[in-house]
Amino acid sequence: MSSLIDVAEGEEQRTPLLHNHNHNAAASTDDIVPPSNGPDSSPPAAPNQRLHSLDVFRGLTVALMILVDDAGGAFPSINHSPWFGVTLADFVMPFFLFGVGVSIALVFKRISNKSIATKKVVLRTFKLFILGLVLQGGYFHGRNDLTYGVDVDKIRWLGVLQRISIGYLLASMAEIWLVNNDFVDSAMAFVKKYYIQWMFAILLCSVYMCLLYGLYIPNWEYEDLSMNLTGYASGTQIVHCEVRGSLEPPCNAVGLIDRVILGEHHLYQHPVYRRTKECSINSPDYGPLPQNAPGWCLAPFDPEGILSSLMAAITCFLGLQFGHILVHFKDQMQRVLLWSMLSFPLLIAGYVLELLGVPFCKPLYTLSYMCITAGASGLFLTIIFYIVDIKHFRKPTMLLEWMGMNALIVYALAACDLFPAAVQGFYWHSPENNLVDGTESLLQAMIHSEKWGTLVFVLLEILFWSLVAGFLHMKGIYLKL
């Protein structure tokens, strides 16, 4: 769920967005010391030191993504929440977005030419969006399906990488154009330098909230494909709404905007609300429809929709402020203190908003969900930073660090199932007899448990990809956009 975008502009520090390595491993990338003297910098500092904790943070996020995607079926409690609530899987996307924001602050410490920097950002946004379209638009069909191809009339326009590209674009534009050229030597100077960015983030948040609670949701219809006694039969299903400000699955502004702009055929066709009690007898897992299930249960909905991506971009902006603290404050413990002072209020704000009636909802990316996940992101990065970059306990986290260095390769091959699907293409007599499924079945038989065997298989999968990433790191191979 990440990309390796190297946003370098002329004399700027060469630092990738979600991956921070040059082919010269000794060269610095994500710095944890401020740049040299200038109108918008701090005094000279020691030679650049790599921010290893950010790689570990990315690697942890990639590992969590593999865990919840591949073991979520066996353990529904760690899978995405069916609608309201927060589970382990619901922290993965915010973690990536938060890491993007931190890296952007390090990338654009110095900008020699704003116009060139803008062109580079737009180009990399386009490449990231297209890559997401290829990986998640429906062309690849994933594990257990040895076919490929997609009807362009039903291609899914939005997805994980597309959302990251939107957050990256908005946060990068703000970092290039919405920063005052003030020297930061106090808390007030810090606020004065970045307050325009904060106003822009508040504006995005306000637009989201106004549309989410202000748009009128009329009745709407969609084409469904349901099973009857004679097979599959298509028909038109009418969803009754006529409400304003609803956050329920069938009648919210996020779905309305996506249906109007993108069209229902270009949305995700298997939304998480099919695991709600209204739509599954096996809730919180997928299952057959209950009797008298509401008509919206089979309706499409995109969890990475247009409106929700505006609020998701706020997570990038919050990560951006954590990156600013890295740039302008040299003392390590001061950084830990300031990060903690930002993280805990966000966590508290999220819980307070939930108590006030703004529920946690990842598909809508509600304000309470944004606050609690961004606060958790900041807190985890703070802990990792203290362990890895202050106390220098790097060996226990080395596997995660390797994975974070080549996040894009691991995401494409593992999380998007390109590698498992390719391996499954070699089978014995029938497609079910392949190395991937055979290994998982063997572990299940050895442990005498289907779900625990699956968990062991997924943990071995994470170990495998961390070792692959470590091998690539030792060979100096890093995939970048």
# chains A, B, ... in the order shown; residues from 1 in each chain; ligands from 1

$ select_by_dssp --residues "range 32-153 of chain A" --states "helix (DSSP H, G or I)" --output "count of residues only"
68

$ residues_around --residues "Ala74 in chain A" --least-positions-apart "3" --cutoff "10 Å" --atoms "only C-alpha atoms" --output "VMD selection string"
chain A and resid 68 70 to 71 77 to 79 285 450 to 455

$ closest_atom_pairs --of "range 309-370 of chain A" --to "range 232-249 of chain A" --cutoff "12 Å" --atoms "only C-alpha atoms" --output "CSV"
residue,atom,partner,partner_atom,distance
A:Gly357,CA,A:Leu247,CA,10.7
A:Val358,CA,A:Leu247,CA,9.1
A:Pro359,CA,A:Leu247,CA,8.6
A:Phe360,CA,A:Leu247,CA,10.4
A:Cys361,CA,A:Leu247,CA,8.7
A:Lys362,CA,A:Leu247,CA,11.4
A:Pro363,CA,A:Pro249,CA,9.0
A:Leu364,CA,A:Leu247,CA,7.8
A:Tyr365,CA,A:Leu247,CA,10.7
A:Thr366,CA,A:Leu247,CA,9.2

$ closest_atom_pairs --of "range 362-480 of chain A" --to "range 345-351 of chain A" --cutoff "8 Å" --atoms "only C-alpha atoms" --output "JSON lines"
{"residue": "A:Leu367", "atom": "CA", "partner": "A:Gly350", "partner_atom": "CA", "distance": 7.5}
{"residue": "A:Ser368", "atom": "CA", "partner": "A:Gly350", "partner_atom": "CA", "distance": 4.3}
{"residue": "A:Tyr369", "atom": "CA", "partner": "A:Gly350", "partner_atom": "CA", "distance": 6.4}
{"residue": "A:Met370", "atom": "CA", "partner": "A:Gly350", "partner_atom": "CA", "distance": 7.4}
{"residue": "A:Cys371", "atom": "CA", "partner": "A:Gly350", "partner_atom": "CA", "distance": 4.8}
{"residue": "A:Ile372", "atom": "CA", "partner": "A:Leu347", "partner_atom": "CA", "distance": 4.5}
{"residue": "A:Thr373", "atom": "CA", "partner": "A:Leu347", "partner_atom": "CA", "distance": 7.6}
{"residue": "A:Ala374", "atom": "CA", "partner": "A:Leu346", "partner_atom": "CA", "distance": 7.0}
{"residue": "A:Gly375", "atom": "CA", "partner": "A:Leu346", "partner_atom": "CA", "distance": 4.8}
{"residue": "A:Ala376", "atom": "CA", "partner": "A:Leu347", "partner_atom": "CA", "distance": 6.8}

$ write_last_selection --atoms "all heavy atoms" --output "tab-separated table (two decimals), in the first residue's frame"
chain	number	residue	atom	x	y	z
A	367	LEU	N	-14.53	12.06	10.80
A	367	LEU	CA	-13.57	12.90	11.54
A	367	LEU	C	-13.05	12.18	12.77
A	367	LEU	O	-11.85	12.26	13.08
A	367	LEU	CB	-14.25	14.21	11.93
A	367	LEU	CG	-13.40	15.22	12.72
A	367	LEU	CD1	-12.17	15.63	11.92
A	367	LEU	CD2	-14.24	16.45	13.08
A	368	SER	N	-13.91	11.47	13.48
A	368	SER	CA	-13.46	10.74	14.66
A	368	SER	C	-12.47	9.64	14.27
A	368	SER	O	-11.47	9.42	14.97
A	368	SER	CB	-14.66	10.14	15.40
A	368	SER	OG	-15.38	9.26	14.56
A	369	TYR	N	-12.75	8.96	13.18
A	369	TYR	CA	-11.85	7.91	12.70
A	369	TYR	C	-10.51	8.50	12.29
A	369	TYR	O	-9.45	7.93	12.60
A	369	TYR	CB	-12.49	7.18	11.52
A	369	TYR	CG	-11.56	6.26	10.77
A	369	TYR	CD1	-11.23	5.01	11.27
A	369	TYR	CD2	-11.00	6.64	9.55
A	369	TYR	CE1	-10.37	4.15	10.59
A	369	TYR	CE2	-10.15	5.80	8.86
A	369	TYR	CZ	-9.84	4.56	9.38
A	369	TYR	OH	-8.98	3.73	8.70
A	370	MET	N	-10.54	9.64	11.62
A	370	MET	CA	-9.30	10.29	11.21
A	370	MET	C	-8.46	10.67	12.43
A	370	MET	O	-7.25	10.44	12.45
A	370	MET	CB	-9.60	11.53	10.37
A	370	MET	CG	-8.38	12.21	9.76
A	370	MET	SD	-7.50	13.32	10.90
A	370	MET	CE	-8.76	14.58	11.16
A	371	CYS	N	-9.10	11.21	13.46
A	371	CYS	CA	-8.36	11.65	14.64
A	371	CYS	C	-7.73	10.48	15.38
A	371	CYS	O	-6.53	10.52	15.72
A	371	CYS	CB	-9.29	12.42	15.58
A	371	CYS	SG	-9.75	14.07	15.00
A	372	ILE	N	-8.50	9.42	15.60
A	372	ILE	CA	-7.97	8.32	16.41
A	372	ILE	C	-6.89	7.55	15.66
A	372	ILE	O	-5.90	7.12	16.25
A	372	ILE	CB	-9.11	7.38	16.86
A	372	ILE	CG1	-8.61	6.47	17.97
A	372	ILE	CG2	-9.67	6.56	15.71
A	372	ILE	CD1	-9.70	5.66	18.64
A	373	THR	N	-7.03	7.40	14.35
A	373	THR	CA	-6.01	6.67	13.59
A	373	THR	C	-4.76	7.51	13.38
A	373	THR	O	-3.64	6.98	13.40
A	373	THR	CB	-6.57	6.21	12.24
A	373	THR	OG1	-7.13	7.33	11.52
A	373	THR	CG2	-7.64	5.15	12.42
A	374	ALA	N	-4.92	8.82	13.18
A	374	ALA	CA	-3.75	9.69	13.06
A	374	ALA	C	-3.01	9.77	14.38
A	374	ALA	O	-1.77	9.77	14.41
A	374	ALA	CB	-4.17	11.08	12.60
A	375	GLY	N	-3.76	9.83	15.49
A	375	GLY	CA	-3.11	9.84	16.80
A	375	GLY	C	-2.35	8.55	17.06
A	375	GLY	O	-1.24	8.56	17.59
A	376	ALA	N	-2.95	7.41	16.66
A	376	ALA	CA	-2.26	6.13	16.81
A	376	ALA	C	-1.03	6.07	15.92
A	376	ALA	O	0.01	5.54	16.33
A	376	ALA	CB	-3.22	4.99	16.48

$ atom_distance --atom1 "CA of Asp55 in chain A" --atom2 "CA of Val423 in chain A"
28.4 Å

$ atom_distance --atom1 "CA of Glu354 in chain A" --atom2 "CA of Ser81 in chain A"
15.4 Å

$ closest_residue --among "A:Phe419, A:Phe380, A:Tyr195, A:Phe200" --to "Leu170 in chain A" --atoms "only C-alpha atoms"
A:Phe200

$ residues_around --residues "range 390-401 of chain A" --least-positions-apart "4" --cutoff "12 Å" --atoms "only C-alpha atoms" --output "compact mmCIF listing (two decimals) with all heavy atoms, in the first residue's frame"
# COMPACT_ATOMS: atom_id res chain seq x y z
N HIS A 19 9.54 5.60 0.40
CA HIS A 19 10.76 4.76 0.41
C HIS A 19 11.91 5.73 0.32
O HIS A 19 11.88 6.65 -0.47
CB HIS A 19 10.70 3.84 -0.80
CG HIS A 19 11.96 3.04 -1.00
ND1 HIS A 19 12.87 2.81 -0.03
CD2 HIS A 19 12.41 2.42 -2.10
CE1 HIS A 19 13.84 2.08 -0.52
NE2 HIS A 19 13.59 1.84 -1.78
N ASN A 20 12.94 5.55 1.13
CA ASN A 20 13.93 6.61 1.22
C ASN A 20 15.35 6.12 1.02
O ASN A 20 16.21 6.35 1.83
CB ASN A 20 13.80 7.33 2.56
CG ASN A 20 13.77 6.36 3.70
OD1 ASN A 20 14.01 5.17 3.52
ND2 ASN A 20 13.47 6.86 4.88
N HIS A 21 15.60 5.47 -0.14
CA HIS A 21 16.96 5.01 -0.40
C HIS A 21 17.42 5.44 -1.78
O HIS A 21 16.69 5.35 -2.75
CB HIS A 21 17.02 3.49 -0.34
CG HIS A 21 17.27 2.98 1.04
ND1 HIS A 21 18.50 2.95 1.62
CD2 HIS A 21 16.40 2.51 1.96
CE1 HIS A 21 18.40 2.44 2.84
NE2 HIS A 21 17.13 2.18 3.05
N ILE A 32 17.19 13.36 9.72
CA ILE A 32 16.63 13.77 11.00
C ILE A 32 17.42 14.94 11.56
O ILE A 32 17.35 15.23 12.74
CB ILE A 32 16.60 12.59 12.01
CG1 ILE A 32 18.02 12.03 12.24
CG2 ILE A 32 15.70 11.49 11.56
CD1 ILE A 32 18.05 10.99 13.32
N GLN A 49 21.77 12.13 9.00
CA GLN A 49 21.61 10.83 9.60
C GLN A 49 20.27 10.25 9.14
O GLN A 49 19.25 10.94 9.17
CB GLN A 49 21.63 10.95 11.13
CG GLN A 49 21.50 9.60 11.84
CD GLN A 49 21.46 9.79 13.33
OE1 GLN A 49 21.62 10.90 13.82
NE2 GLN A 49 21.23 8.71 14.06
N ARG A 50 20.29 9.00 8.75
CA ARG A 50 19.10 8.39 8.19
C ARG A 50 18.04 8.14 9.26
O ARG A 50 18.34 7.75 10.39
CB ARG A 50 19.48 7.08 7.53
CG ARG A 50 18.30 6.37 6.91
CD ARG A 50 18.76 5.20 6.08
NE ARG A 50 17.60 4.54 5.55
CZ ARG A 50 16.87 5.02 4.55
NH1 ARG A 50 17.23 6.15 3.98
NH2 ARG A 50 15.80 4.40 4.11
N LEU A 51 16.79 8.37 8.91
CA LEU A 51 15.68 8.13 9.83
C LEU A 51 15.22 6.68 9.68
O LEU A 51 14.29 6.38 8.94
CB LEU A 51 14.54 9.11 9.55
CG LEU A 51 13.38 9.10 10.55
CD1 LEU A 51 13.88 9.49 11.93
CD2 LEU A 51 12.28 10.04 10.10
N HIS A 52 15.87 5.79 10.37
CA HIS A 52 15.57 4.36 10.24
C HIS A 52 14.17 4.04 10.75
O HIS A 52 13.53 3.11 10.26
CB HIS A 52 16.60 3.54 11.02
CG HIS A 52 18.01 3.74 10.54
ND1 HIS A 52 18.49 3.20 9.37
CD2 HIS A 52 19.05 4.44 11.08
CE1 HIS A 52 19.75 3.54 9.20
NE2 HIS A 52 20.12 4.29 10.22
N SER A 53 13.71 4.80 11.73
CA SER A 53 12.40 4.50 12.30
C SER A 53 11.28 4.66 11.28
O SER A 53 10.26 3.95 11.37
CB SER A 53 12.13 5.42 13.49
OG SER A 53 12.28 6.78 13.14
N LEU A 54 11.44 5.55 10.31
CA LEU A 54 10.40 5.71 9.30
C LEU A 54 10.32 4.48 8.40
O LEU A 54 9.24 4.06 7.99
CB LEU A 54 10.66 6.97 8.47
CG LEU A 54 9.52 7.42 7.55
CD1 LEU A 54 8.22 7.58 8.31
CD2 LEU A 54 9.88 8.72 6.85
N ASP A 55 11.48 3.89 8.09
CA ASP A 55 11.47 2.63 7.34
C ASP A 55 10.80 1.52 8.14
O ASP A 55 10.03 0.73 7.60
CB ASP A 55 12.91 2.21 7.00
CG ASP A 55 13.44 2.93 5.77
OD1 ASP A 55 12.65 3.25 4.88
OD2 ASP A 55 14.66 3.18 5.73
N VAL A 56 11.12 1.44 9.44
CA VAL A 56 10.50 0.43 10.29
C VAL A 56 8.99 0.64 10.35
O VAL A 56 8.21 -0.32 10.29
CB VAL A 56 11.11 0.45 11.71
CG1 VAL A 56 10.39 -0.52 12.63
CG2 VAL A 56 12.59 0.12 11.65
N PHE A 57 8.58 1.89 10.45
CA PHE A 57 7.16 2.23 10.50
C PHE A 57 6.46 1.77 9.22
O PHE A 57 5.37 1.19 9.26
CB PHE A 57 7.00 3.74 10.70
CG PHE A 57 5.57 4.21 10.79
CD1 PHE A 57 4.85 4.01 11.97
CD2 PHE A 57 4.96 4.84 9.73
CE1 PHE A 57 3.53 4.45 12.05
CE2 PHE A 57 3.64 5.28 9.81
CZ PHE A 57 2.93 5.08 10.98
N ARG A 58 7.08 2.03 8.06
CA ARG A 58 6.52 1.57 6.79
C ARG A 58 6.47 0.05 6.73
O ARG A 58 5.48 -0.54 6.29
CB ARG A 58 7.37 2.08 5.61
CG ARG A 58 7.34 3.57 5.39
CD ARG A 58 8.02 3.88 4.07
NE ARG A 58 8.33 5.29 3.96
CZ ARG A 58 9.53 5.81 4.14
NH1 ARG A 58 10.54 5.03 4.44
NH2 ARG A 58 9.72 7.11 4.01
N GLY A 59 7.57 -0.57 7.14
CA GLY A 59 7.62 -2.03 7.11
C GLY A 59 6.56 -2.65 8.01
O GLY A 59 5.93 -3.65 7.63
N LEU A 60 6.35 -2.08 9.19
CA LEU A 60 5.31 -2.56 10.08
C LEU A 60 3.94 -2.44 9.42
O LEU A 60 3.10 -3.34 9.52
CB LEU A 60 5.33 -1.76 11.39
CG LEU A 60 4.20 -2.03 12.38
CD1 LEU A 60 4.28 -3.46 12.88
CD2 LEU A 60 4.25 -1.04 13.55
N THR A 61 3.73 -1.33 8.71
CA THR A 61 2.45 -1.12 8.04
C THR A 61 2.23 -2.15 6.93
O THR A 61 1.14 -2.70 6.78
CB THR A 61 2.39 0.30 7.47
OG1 THR A 61 2.70 1.24 8.50
CG2 THR A 61 1.01 0.61 6.92
N VAL A 62 3.29 -2.42 6.15
CA VAL A 62 3.19 -3.42 5.08
C VAL A 62 2.90 -4.80 5.69
O VAL A 62 2.07 -5.56 5.18
CB VAL A 62 4.47 -3.45 4.24
CG1 VAL A 62 4.43 -4.61 3.24
CG2 VAL A 62 4.66 -2.14 3.50
N ALA A 63 3.60 -5.13 6.78
CA ALA A 63 3.38 -6.42 7.44
C ALA A 63 1.95 -6.54 7.96
O ALA A 63 1.32 -7.59 7.81
CB ALA A 63 4.39 -6.60 8.57
N LEU A 64 1.44 -5.48 8.56
CA LEU A 64 0.06 -5.48 9.03
C LEU A 64 -0.91 -5.66 7.88
O LEU A 64 -1.93 -6.37 8.00
CB LEU A 64 -0.26 -4.19 9.78
CG LEU A 64 0.30 -4.04 11.19
CD1 LEU A 64 -0.05 -2.67 11.76
CD2 LEU A 64 -0.25 -5.14 12.09
N ASP A 331 16.86 18.37 19.13
CA ASP A 331 16.96 17.51 20.31
C ASP A 331 16.00 16.33 20.17
O ASP A 331 14.80 16.51 19.96
CB ASP A 331 16.64 18.31 21.57
CG ASP A 331 16.80 17.48 22.82
OD1 ASP A 331 17.95 17.28 23.27
OD2 ASP A 331 15.78 16.98 23.33
N GLN A 332 16.54 15.11 20.32
CA GLN A 332 15.74 13.92 20.09
C GLN A 332 14.59 13.81 21.10
O GLN A 332 13.45 13.49 20.71
CB GLN A 332 16.63 12.67 20.19
CG GLN A 332 17.80 12.64 19.22
CD GLN A 332 17.37 12.30 17.81
OE1 GLN A 332 16.46 12.93 17.27
NE2 GLN A 332 18.03 11.32 17.22
N MET A 333 14.84 14.04 22.34
CA MET A 333 13.79 13.92 23.34
C MET A 333 12.75 15.03 23.20
O MET A 333 11.57 14.84 23.54
CB MET A 333 14.39 13.92 24.75
CG MET A 333 15.25 12.69 25.05
SD MET A 333 14.39 11.13 24.69
CE MET A 333 12.99 11.23 25.79
N GLN A 334 13.17 16.17 22.69
CA GLN A 334 12.21 17.23 22.43
C GLN A 334 11.26 16.81 21.33
O GLN A 334 10.05 17.08 21.39
CB GLN A 334 12.94 18.53 22.06
CG GLN A 334 11.99 19.73 21.92
CD GLN A 334 12.74 21.01 21.55
OE1 GLN A 334 13.85 20.96 21.05
NE2 GLN A 334 12.13 22.15 21.82
N ARG A 335 11.78 16.13 20.33
CA ARG A 335 10.93 15.61 19.26
C ARG A 335 9.93 14.61 19.82
O ARG A 335 8.74 14.63 19.47
CB ARG A 335 11.79 14.94 18.19
CG ARG A 335 12.63 15.90 17.36
CD ARG A 335 13.69 15.15 16.58
NE ARG A 335 14.37 16.02 15.63
CZ ARG A 335 15.47 15.68 14.98
NH1 ARG A 335 16.02 14.49 15.18
NH2 ARG A 335 16.04 16.52 14.12
N VAL A 336 10.40 13.71 20.68
CA VAL A 336 9.51 12.73 21.28
C VAL A 336 8.42 13.43 22.09
O VAL A 336 7.23 13.05 22.02
CB VAL A 336 10.32 11.76 22.17
CG1 VAL A 336 9.38 10.89 23.02
CG2 VAL A 336 11.23 10.89 21.33
N THR A 382 6.32 7.57 17.22
CA THR A 382 7.10 8.09 18.35
C THR A 382 7.80 6.96 19.10
O THR A 382 9.00 7.06 19.42
CB THR A 382 6.18 8.86 19.31
OG1 THR A 382 5.53 9.92 18.61
CG2 THR A 382 6.98 9.44 20.47
N ILE A 383 7.08 5.88 19.36
CA ILE A 383 7.67 4.75 20.07
C ILE A 383 8.79 4.12 19.25
O ILE A 383 9.88 3.82 19.77
CB ILE A 383 6.58 3.71 20.40
CG1 ILE A 383 5.57 4.30 21.38
CG2 ILE A 383 7.20 2.43 20.95
CD1 ILE A 383 4.35 3.43 21.62
N ILE A 384 8.53 3.93 17.96
CA ILE A 384 9.55 3.33 17.09
C ILE A 384 10.77 4.24 16.98
O ILE A 384 11.92 3.78 17.00
CB ILE A 384 8.96 3.04 15.70
CG1 ILE A 384 7.87 1.97 15.82
CG2 ILE A 384 10.05 2.57 14.73
CD1 ILE A 384 7.08 1.76 14.54
N PHE A 385 10.54 5.53 16.88
CA PHE A 385 11.63 6.51 16.80
C PHE A 385 12.49 6.44 18.05
O PHE A 385 13.73 6.47 17.98
CB PHE A 385 11.05 7.91 16.63
CG PHE A 385 12.07 9.01 16.59
CD1 PHE A 385 12.87 9.20 15.49
CD2 PHE A 385 12.23 9.86 17.68
CE1 PHE A 385 13.82 10.23 15.46
CE2 PHE A 385 13.16 10.88 17.66
CZ PHE A 385 13.97 11.06 16.55
N TYR A 386 11.86 6.33 19.23
CA TYR A 386 12.60 6.25 20.48
C TYR A 386 13.44 4.98 20.53
O TYR A 386 14.61 5.00 20.93
CB TYR A 386 11.63 6.31 21.66
CG TYR A 386 12.31 6.23 23.01
CD1 TYR A 386 12.90 7.36 23.58
CD2 TYR A 386 12.36 5.03 23.70
CE1 TYR A 386 13.53 7.29 24.81
CE2 TYR A 386 12.99 4.95 24.93
CZ TYR A 386 13.58 6.08 25.48
OH TYR A 386 14.21 6.00 26.70
N MET A 405 12.01 -0.47 3.25
CA MET A 405 12.88 0.08 2.21
C MET A 405 12.38 -0.25 0.80
O MET A 405 12.65 0.48 -0.14
CB MET A 405 14.30 -0.45 2.38
CG MET A 405 15.02 0.06 3.60
SD MET A 405 16.62 -0.77 3.79
CE MET A 405 17.25 0.00 5.27
N ASN A 406 11.69 -1.38 0.66
CA ASN A 406 11.17 -1.77 -0.65
C ASN A 406 9.68 -2.04 -0.55
O ASN A 406 9.17 -3.09 -0.95
CB ASN A 406 11.90 -3.01 -1.17
CG ASN A 406 12.86 -2.67 -2.30
OD1 ASN A 406 12.52 -1.90 -3.19
ND2 ASN A 406 14.04 -3.23 -2.26
N ALA A 407 8.97 -1.05 -0.01
CA ALA A 407 7.54 -1.22 0.25
C ALA A 407 6.74 -1.44 -1.03
O ALA A 407 5.78 -2.21 -1.04
CB ALA A 407 7.01 0.01 0.99
N VAL A 410 6.98 -5.11 -2.33
CA VAL A 410 6.23 -6.02 -1.47
C VAL A 410 4.73 -5.81 -1.65
O VAL A 410 3.95 -6.77 -1.71
CB VAL A 410 6.63 -5.83 0.00
CG1 VAL A 410 5.81 -6.73 0.91
CG2 VAL A 410 8.12 -6.11 0.19
N ILE A 462 5.02 -13.21 5.60
CA ILE A 462 5.62 -11.93 5.99
C ILE A 462 7.13 -12.09 6.15
O ILE A 462 7.91 -11.23 5.69
CB ILE A 462 4.97 -11.42 7.29
CG1 ILE A 462 3.50 -11.07 7.05
CG2 ILE A 462 5.73 -10.20 7.82
CD1 ILE A 462 2.73 -10.74 8.32
N LEU A 463 7.55 -13.17 6.79
CA LEU A 463 8.98 -13.43 6.94
C LEU A 463 9.65 -13.57 5.58
O LEU A 463 10.75 -13.02 5.35
CB LEU A 463 9.20 -14.69 7.77
CG LEU A 463 10.65 -15.16 7.95
CD1 LEU A 463 11.47 -14.09 8.67
CD2 LEU A 463 10.70 -16.49 8.70
N PHE A 464 9.01 -14.28 4.67
CA PHE A 464 9.56 -14.47 3.33
C PHE A 464 9.77 -13.14 2.63
O PHE A 464 10.86 -12.88 2.07
CB PHE A 464 8.61 -15.36 2.51
CG PHE A 464 8.94 -15.41 1.04
CD1 PHE A 464 9.98 -16.21 0.58
CD2 PHE A 464 8.21 -14.67 0.13
CE1 PHE A 464 10.29 -16.26 -0.78
CE2 PHE A 464 8.50 -14.71 -1.23
CZ PHE A 464 9.54 -15.50 -1.69
N TRP A 465 8.79 -12.26 2.68
CA TRP A 465 8.91 -10.99 1.96
C TRP A 465 9.89 -10.04 2.64
O TRP A 465 10.54 -9.23 1.96
CB TRP A 465 7.54 -10.34 1.82
CG TRP A 465 6.71 -11.02 0.77
CD1 TRP A 465 5.58 -11.75 0.95
CD2 TRP A 465 6.98 -11.06 -0.63
NE1 TRP A 465 5.13 -12.25 -0.24
CE2 TRP A 465 5.96 -11.83 -1.23
CE3 TRP A 465 7.98 -10.50 -1.44
CZ2 TRP A 465 5.93 -12.07 -2.60
CZ3 TRP A 465 7.94 -10.76 -2.81
CH2 TRP A 465 6.93 -11.52 -3.38
N SER A 466 10.03 -10.14 3.95
CA SER A 466 11.05 -9.32 4.62
C SER A 466 12.44 -9.77 4.21
O SER A 466 13.34 -8.93 4.02
CB SER A 466 10.87 -9.39 6.13
OG SER A 466 11.08 -10.70 6.61
N LEU A 467 12.64 -11.08 4.05
CA LEU A 467 13.94 -11.58 3.60
C LEU A 467 14.20 -11.22 2.14
O LEU A 467 15.33 -10.89 1.76
CB LEU A 467 14.01 -13.09 3.79
CG LEU A 467 13.98 -13.57 5.26
CD1 LEU A 467 13.96 -15.09 5.32
CD2 LEU A 467 15.17 -13.02 6.04
N VAL A 468 13.16 -11.27 1.31
CA VAL A 468 13.31 -10.83 -0.08
C VAL A 468 13.71 -9.36 -0.13
O VAL A 468 14.62 -8.96 -0.87
CB VAL A 468 12.00 -11.06 -0.86
CG1 VAL A 468 12.05 -10.37 -2.23
CG2 VAL A 468 11.75 -12.55 -1.04
N ALA A 469 13.04 -8.53 0.69
CA ALA A 469 13.37 -7.10 0.74
C ALA A 469 14.79 -6.89 1.25
O ALA A 469 15.51 -6.01 0.77
CB ALA A 469 12.37 -6.36 1.63
N GLY A 470 15.21 -7.71 2.22
CA GLY A 470 16.58 -7.61 2.72
C GLY A 470 17.59 -7.98 1.67
O GLY A 470 18.65 -7.33 1.54
N PHE A 471 17.31 -9.00 0.87
CA PHE A 471 18.20 -9.38 -0.22
C PHE A 471 18.31 -8.25 -1.25
O PHE A 471 19.42 -7.92 -1.71
CB PHE A 471 17.67 -10.65 -0.89
CG PHE A 471 18.43 -11.05 -2.12
CD1 PHE A 471 19.65 -11.71 -2.03
CD2 PHE A 471 17.93 -10.77 -3.39
CE1 PHE A 471 20.36 -12.07 -3.17
CE2 PHE A 471 18.62 -11.13 -4.53
CZ PHE A 471 19.84 -11.78 -4.42
N HIS A 473 17.86 -5.11 -0.66
CA HIS A 473 18.62 -4.04 -0.02
C HIS A 473 20.12 -4.30 -0.09
O HIS A 473 20.91 -3.40 -0.41
CB HIS A 473 18.17 -3.90 1.43
CG HIS A 473 19.07 -3.07 2.28
ND1 HIS A 473 19.29 -1.73 2.03
CD2 HIS A 473 19.83 -3.38 3.37
CE1 HIS A 473 20.13 -1.24 2.93
NE2 HIS A 473 20.46 -2.24 3.75
